[in-house]
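A.B. asks: Here it is: the structure, laid out below.
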Amino acid sequence: MLKWTPEQIAAMATDPSAAAAGKALATVRNWVTLGGDSRALWGECKGSGAKPYQVQIDFSEPAFKCSCPSRRFPCKHALALFLLWAQQDHSMPDTRPPAWVEDWLAKRAEKAQSKADVADAPHADTQARAQAAQEKRSADREGRVAAGIEELDRWLKDLVRGGLAAAQSRPWSYWQDMAARMVDAQAPGIARQLREMGAIPASGDAWPGRLIEKVSRVWLLIEAYRRLAVLPDALQATIRTHVGWTTKQDDVLHQSGHRAEWLVVGRRVSEQDKLLVQRTWLLSKEGSALLLHFAMKGQPFEVSFMPGTVLDADLVYFPAAFRQRAALKSLFGESPTLKAIPCYRSAEPYLARYAADLARDPWIVSHLMAITGVTPVVGEPRMLLQDADGRCLPLSADYQKSWQLAALAGGEPITLFGEWDGHSVSPLCVAADGRFVDLASGRGSRK
Amino acid sequence: MSTWSALVSTALLGTERNRPAMSNEGSVACMLVRQTDTADAETTVLHQAAILTLARLAGFAPAEAELAEEIVQAEVEVSQRCGRRGTGILAKLLAEQKTDLVMEWLQAAQRAGRHAAPEVLPDLLDYGAKHAALRPAIAAAAGRRGVWLAKQNPDWHFARTDASEAASFTDAEITAKWETGTSSERRVLLAGLRTRDSVRGLSLLESTWQTDSVNDRANFLPVLRNGLTFADEPFLEQALNDKRKEVRRTAADLLALIDLSAHCRRMTARVAPLLSLRRSLLGGEIIEVQLPTEWDASMGRDGIEAKPPKDSGYGERAWLIRQMLGFISPSWWVRSFHREPPQLLKAASKSAEWGDLLVAAWTEAANRFGLLAWKEALVSHAVDRPKSASKYPKEPILPALTGMPEERLESLLVHLFSTGQDAHGEMALPMLQERRSPWSSSLARIVVKGAFKTLKAQTGYTSAGFQAKSLLDLAALYSPPLLAEEFDAAWGSTGSKSTFASSTVDEFLKQILFRQDIRTAILEEG
């Protein structure tokens, strides 16, 4: 289910006066009935007449319907209902939809189906021309990236020759300028890693180790890119992705997917290059998958899934040596139950899995850790997760909700889903106390 | 030095000054590292770093838990956890720092027999660390899990069930804890001990008094209020000579509370000759006041200051008698003049010159000694008096209402509103503001309907309008939420053209409905 801010909702109004009218009606006392579920919201709003207006919202687009005579679309009643829901922390009394809502939803689903049946095939000729242009652009880019990488290679060697200690006294622009050159060379993935490097010298204890780690992985990427032609296809795709090539989601969706019951085990929103990035981790019996969604600041994501939801969905992995990122091909619905959560029972087998995946993709930044039987233990300087074998995994220094985590566990073992970066875990969600609780904290800001 | 740390130090210093070091560690990664031999030192370092980085990531070995530290588990909750929506509401109230509504939530949870969900406890306990007034309610709503958390974080110690824990300590443990604990731990320990065994508490305090810091002394002394008896007098009498003013002042405050202490006798000896009850020439009785001559060091030792506070309205000698009277139990006057509090207040107010001074001093004394009969008499006195400003702007017009029977206060307030002598709530407002507890339906109705009437009659922004708004702000917090519909109907039938009035009422109705919703949400499952 998507989260909407009141600003986003107000922005859907046809004009500011409609938004203001909606806002005025967005208090519980203007409504005779209110309800909602994961698909839709509905309510009856007191109007000037004897019969209240029947207002309904289908989340899928979102689509609105109201029995009032207003020509504005969405009308003030629909806006009010939407705002009310957003103000109440996206929750409504959970009830069964009344008949008038069921009818409308059923009709909409029918229409959507018939629309999807009409497949639109693009013209063959235009397709061929577009492909030629695409190939030309791609060849140009290869050249620019190759040149950029040679420049980066010299820059990294200079860095190591002069010593990292000297790099500490360099201004922020030292890293930023090189990152900007990598953007020009159309290698935005490398640019991002350079910007992250720039923050390390000021990140406290043991920074030289963290910096050399990052530097050496970028250097490894350079080496790999130089030998791209002789490497297997899947590894080529991995390397290109880390350099910054993107694969269009539509290209991936042509392939056949994996239909399974996917449990949403975590959702984290972070800011990257002025965009909001939503990472949704899914888990099924076959393995894990990561969905990425992007949005401009202040805009909603195309879809958001609440942790704990089980999706009956068809996913397609993006090509890679270690397949992690996936695209959602079709969503058949939300399944009510998942019989067992596929989890590791202790740290050791999980870490073996991580090492095996690292062998396929040595540039993995975060890896889904799904582990059961861990107990959060208050420790100095950070909280630890103690597994069933009595081994301890440290929590990330950036993680801000360690006390919430400890509170949920109360000294008992829990099931935890988090992102492992090779040194520490940043929890996303836990299954404890008989329920799923979202415990992701924003990344990057220290407490 | 490990291969990795050798490599990090080479990279740190730079290959210009430092050649890559080789080690003889036997791991596969280190063997690979030794095989790297490239044209230049930089490439060698980068190459080795890449190998070791991956070897370190892939070979992460989690530390073994220290066996000594056994994990303590939280006790099983005895009450039911409140639902997802209720938890969400509490989290939001905490984030927005709506203290009154947080209190409302906690009380509603307690009435419903529910505890707060664990994920909201850290924020809730943090809130208690900042807002001492909420602590008992927070400790109650935090459940067993809250106690478990509080034991692990010193900031949250207020939510521990310390009293019961300290009760099980042996004498030697108490002494050890007193001698080694932090300042706040010692204060908690002393407070607990004083309620159970006040003599032992005193001897504990005395045992380190000479060596404790001035801050600790000032911090610990007020705790003696728990279980205060005449046995504490010699120690407190000594403390009147302390270097620090706060300590001397606390000692004087405590001594005043000990019946027949030397301090009390000195104080009454000073004041007794200065007050007299005479028959007034105009009929009735009047209390006449003579002023003390001048301040001396013995008064200073007993906690009486020489100079009145700035802008208090008191002259120097009037300020002396005002302070002395504040230290003496008002029942002393009942005994010495054989009159009841209302009669004494009546006689005091006959004195145009000193009436306000006597009322102010007795108000302070009634608060200090917690005398309900006096408080009631003072409230009635304030309510019945024609509106006239006291000569002393800094003195409160009412005593502290804590401990006063709710019904009595309610009937006073209802009387105030219904007689119309306090039409806009000048007197009722401070009473209601201080009271901070739920109102009965009849009080809520009379206040809200009065405020509605005022608002309907007002156009634009008037002081009466703002008084009505202040009353509604309180009504929104303390009226029974079940009256929401009745209020909605009462306002809705006529309404008002003024935007100030309608937005004030909208806000009021929204708030009171929200409180109803808190109650519903807490009871939801899930």
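By convention here, the chains of the structure tokens are called A, B, ... in the order presented, each chain's residues are numbered starting at 1, and ligands are numbered starting at 1 in the order presented.
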B:Leu325: which residues within 9 Å, counting only C-alpha atoms, same-chain residues fewer than 2 positions away excluded, as a list of chain:residue names?

C.D. replies: B:Met267, B:Thr268, B:Val271, B:Leu320, B:Ile321, B:Arg322, B:Gln323, B:Phe327, B:Ile328, B:Ser329, B:Pro330, B:Leu358, B:Ala361, B:Trp362, B:Glu364, B:Ala365

A.B. asks: Please, could you write that set of residues out with N, CA and C atoms as a PDB file, in the first residue's frame?

C.D. replies:
ATOM      1  N   MET B 267      10.333  30.735  65.518  1.00  0.00           N
ATOM      2  CA  MET B 267       9.527  31.474  64.548  1.00  0.00           C
ATOM      3  C   MET B 267       8.260  32.027  65.199  1.00  0.00           C
ATOM      4  N   THR B 268       7.546  31.153  65.959  1.00  0.00           N
ATOM      5  CA  THR B 268       6.311  31.633  66.578  1.00  0.00           C
ATOM      6  C   THR B 268       6.619  32.704  67.617  1.00  0.00           C
ATOM      7  N   VAL B 271       6.735  35.993  65.877  1.00  0.00           N
ATOM      8  CA  VAL B 271       5.516  36.551  65.284  1.00  0.00           C
ATOM      9  C   VAL B 271       4.388  36.763  66.299  1.00  0.00           C
ATOM     10  N   LEU B 320       9.605  40.741  56.003  1.00  0.00           N
ATOM     11  CA  LEU B 320      10.053  39.874  57.100  1.00  0.00           C
ATOM     12  C   LEU B 320       8.874  39.131  57.707  1.00  0.00           C
ATOM     13  N   ILE B 321       7.806  39.840  58.024  1.00  0.00           N
ATOM     14  CA  ILE B 321       6.680  39.169  58.689  1.00  0.00           C
ATOM     15  C   ILE B 321       5.957  38.229  57.728  1.00  0.00           C
ATOM     16  N   ARG B 322       5.945  38.618  56.452  1.00  0.00           N
ATOM     17  CA  ARG B 322       5.324  37.755  55.436  1.00  0.00           C
ATOM     18  C   ARG B 322       6.053  36.391  55.388  1.00  0.00           C
ATOM     19  N   GLN B 323       7.390  36.399  55.442  1.00  0.00           N
ATOM     20  CA  GLN B 323       8.148  35.145  55.406  1.00  0.00           C
ATOM     21  C   GLN B 323       7.936  34.337  56.689  1.00  0.00           C
ATOM     22  N   PHE B 327       6.219  30.358  57.371  1.00  0.00           N
ATOM     23  CA  PHE B 327       6.864  29.200  57.997  1.00  0.00           C
ATOM     24  C   PHE B 327       6.005  28.557  59.081  1.00  0.00           C
ATOM     25  N   ILE B 328       5.004  29.293  59.560  1.00  0.00           N
ATOM     26  CA  ILE B 328       4.234  28.790  60.708  1.00  0.00           C
ATOM     27  C   ILE B 328       2.945  28.130  60.243  1.00  0.00           C
ATOM     28  N   SER B 329       2.647  26.996  60.831  1.00  0.00           N
ATOM     29  CA  SER B 329       1.408  26.311  60.461  1.00  0.00           C
ATOM     30  C   SER B 329       0.218  27.219  60.761  1.00  0.00           C
ATOM     31  N   PRO B 330      -0.699  27.407  59.807  1.00  0.00           N
ATOM     32  CA  PRO B 330      -1.848  28.293  60.056  1.00  0.00           C
ATOM     33  C   PRO B 330      -2.732  27.802  61.206  1.00  0.00           C
ATOM     34  N   LEU B 358      -1.598  38.929  54.873  1.00  0.00           N
ATOM     35  CA  LEU B 358      -1.985  37.760  55.683  1.00  0.00           C
ATOM     36  C   LEU B 358      -2.492  36.626  54.795  1.00  0.00           C
ATOM     37  N   ALA B 361       0.433  35.023  52.956  1.00  0.00           N
ATOM     38  CA  ALA B 361       1.270  34.216  53.849  1.00  0.00           C
ATOM     39  C   ALA B 361       0.567  32.920  54.218  1.00  0.00           C
ATOM     40  N   TRP B 362      -0.735  33.000  54.495  1.00  0.00           N
ATOM     41  CA  TRP B 362      -1.478  31.775  54.858  1.00  0.00           C
ATOM     42  C   TRP B 362      -1.629  30.841  53.665  1.00  0.00           C
ATOM     43  N   GLU B 364       0.659  30.432  51.371  1.00  0.00           N
ATOM     44  CA  GLU B 364       1.922  29.707  51.309  1.00  0.00           C
ATOM     45  C   GLU B 364       1.969  28.634  52.399  1.00  0.00           C
ATOM     46  N   ALA B 365       1.560  29.016  53.608  1.00  0.00           N
ATOM     47  CA  ALA B 365       1.623  28.090  54.744  1.00  0.00           C
ATOM     48  C   ALA B 365       0.658  26.919  54.538  1.00  0.00           C
TER      49      ALA B 365
END

A.B. asks: When you look at B:Ser312 with a cut-off of 12 Å (counting only C-alpha atoms), what residues show up, excluding the ones that are within fewer than 6 positions of it in the same chain? I need them as a compact mmCIF listing (two decimals) with N, CA and C atoms, in the first residue's frame.

C.D. replies:
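So the final result, stored in result.txt, reads:
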# COMPACT_ATOMS: atom_id res chain seq x y z
N ALA B 318 7.70 44.55 56.08
CA ALA B 318 6.52 43.75 55.74
C ALA B 318 6.96 42.40 55.19
N TRP B 319 8.04 42.40 54.42
CA TRP B 319 8.55 41.15 53.84
C TRP B 319 9.02 40.19 54.93
N ARG B 322 5.94 38.62 56.45
CA ARG B 322 5.32 37.75 55.44
C ARG B 322 6.05 36.39 55.39
N LEU B 357 -1.48 40.77 52.74
CA LEU B 357 -0.26 40.12 53.24
C LEU B 357 -0.61 38.85 54.01
N ALA B 360 -1.81 36.10 51.63
CA ALA B 360 -0.69 35.54 50.86
C ALA B 360 0.15 34.61 51.73
N SER B 390 -4.64 42.11 44.10
CA SER B 390 -3.84 42.11 45.32
C SER B 390 -2.75 43.17 45.20
N LYS B 391 -2.33 43.64 46.35
CA LYS B 391 -1.24 44.63 46.34
C LYS B 391 0.06 44.00 45.90
N TYR B 392 0.12 42.69 45.98
CA TYR B 392 1.38 42.00 45.73
C TYR B 392 1.24 41.16 44.47
N PRO B 393 1.66 41.71 43.33
CA PRO B 393 1.36 41.08 42.04
C PRO B 393 1.97 39.69 41.89
N LYS B 394 3.03 39.39 42.66
CA LYS B 394 3.67 38.09 42.44
C LYS B 394 3.09 36.96 43.28
N GLU B 395 2.16 37.31 44.18
CA GLU B 395 1.59 36.26 45.02
C GLU B 395 0.47 35.55 44.26
N PRO B 396 0.38 34.24 44.40
CA PRO B 396 -0.72 33.51 43.72
C PRO B 396 -2.05 33.85 44.38

A.B. asks: Give me, as a PyMOL selection string, all polymer residues having an atom no more than 12 Å from B:Glu486, counting only C-alpha atoms and skipping those fewer than 4 positions away in the same chain.

C.D. replies: chain B and resi 441+444-445+448-449+479-482+490-493+509+512-513

A.B. asks: Give the helix (DSSP H, G or I) residues of stretch 238-389 of chain A, as assigned by DSSP on the backbone, as a list in words.

C.D. replies: Thr238, Ile239, Arg240, Thr241, His242, Val243, Gln249, Asp250, Asp251, Val252, Leu253, Ala347, Glu348, Pro349, Tyr350, Leu351, Ala352, Arg353, Tyr354, Ala355, Ala356, Asp357, Leu358, Ala359 and Arg360 of chain A

A.B. asks: Nearest to A:Ile341: which of A:Glu302, A:Glu271, A:Asp103, A:Glu261 is it, counting only C-alpha atoms?

C.D. replies: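 Under the stated criterion, the closest residue is A:Glu261.
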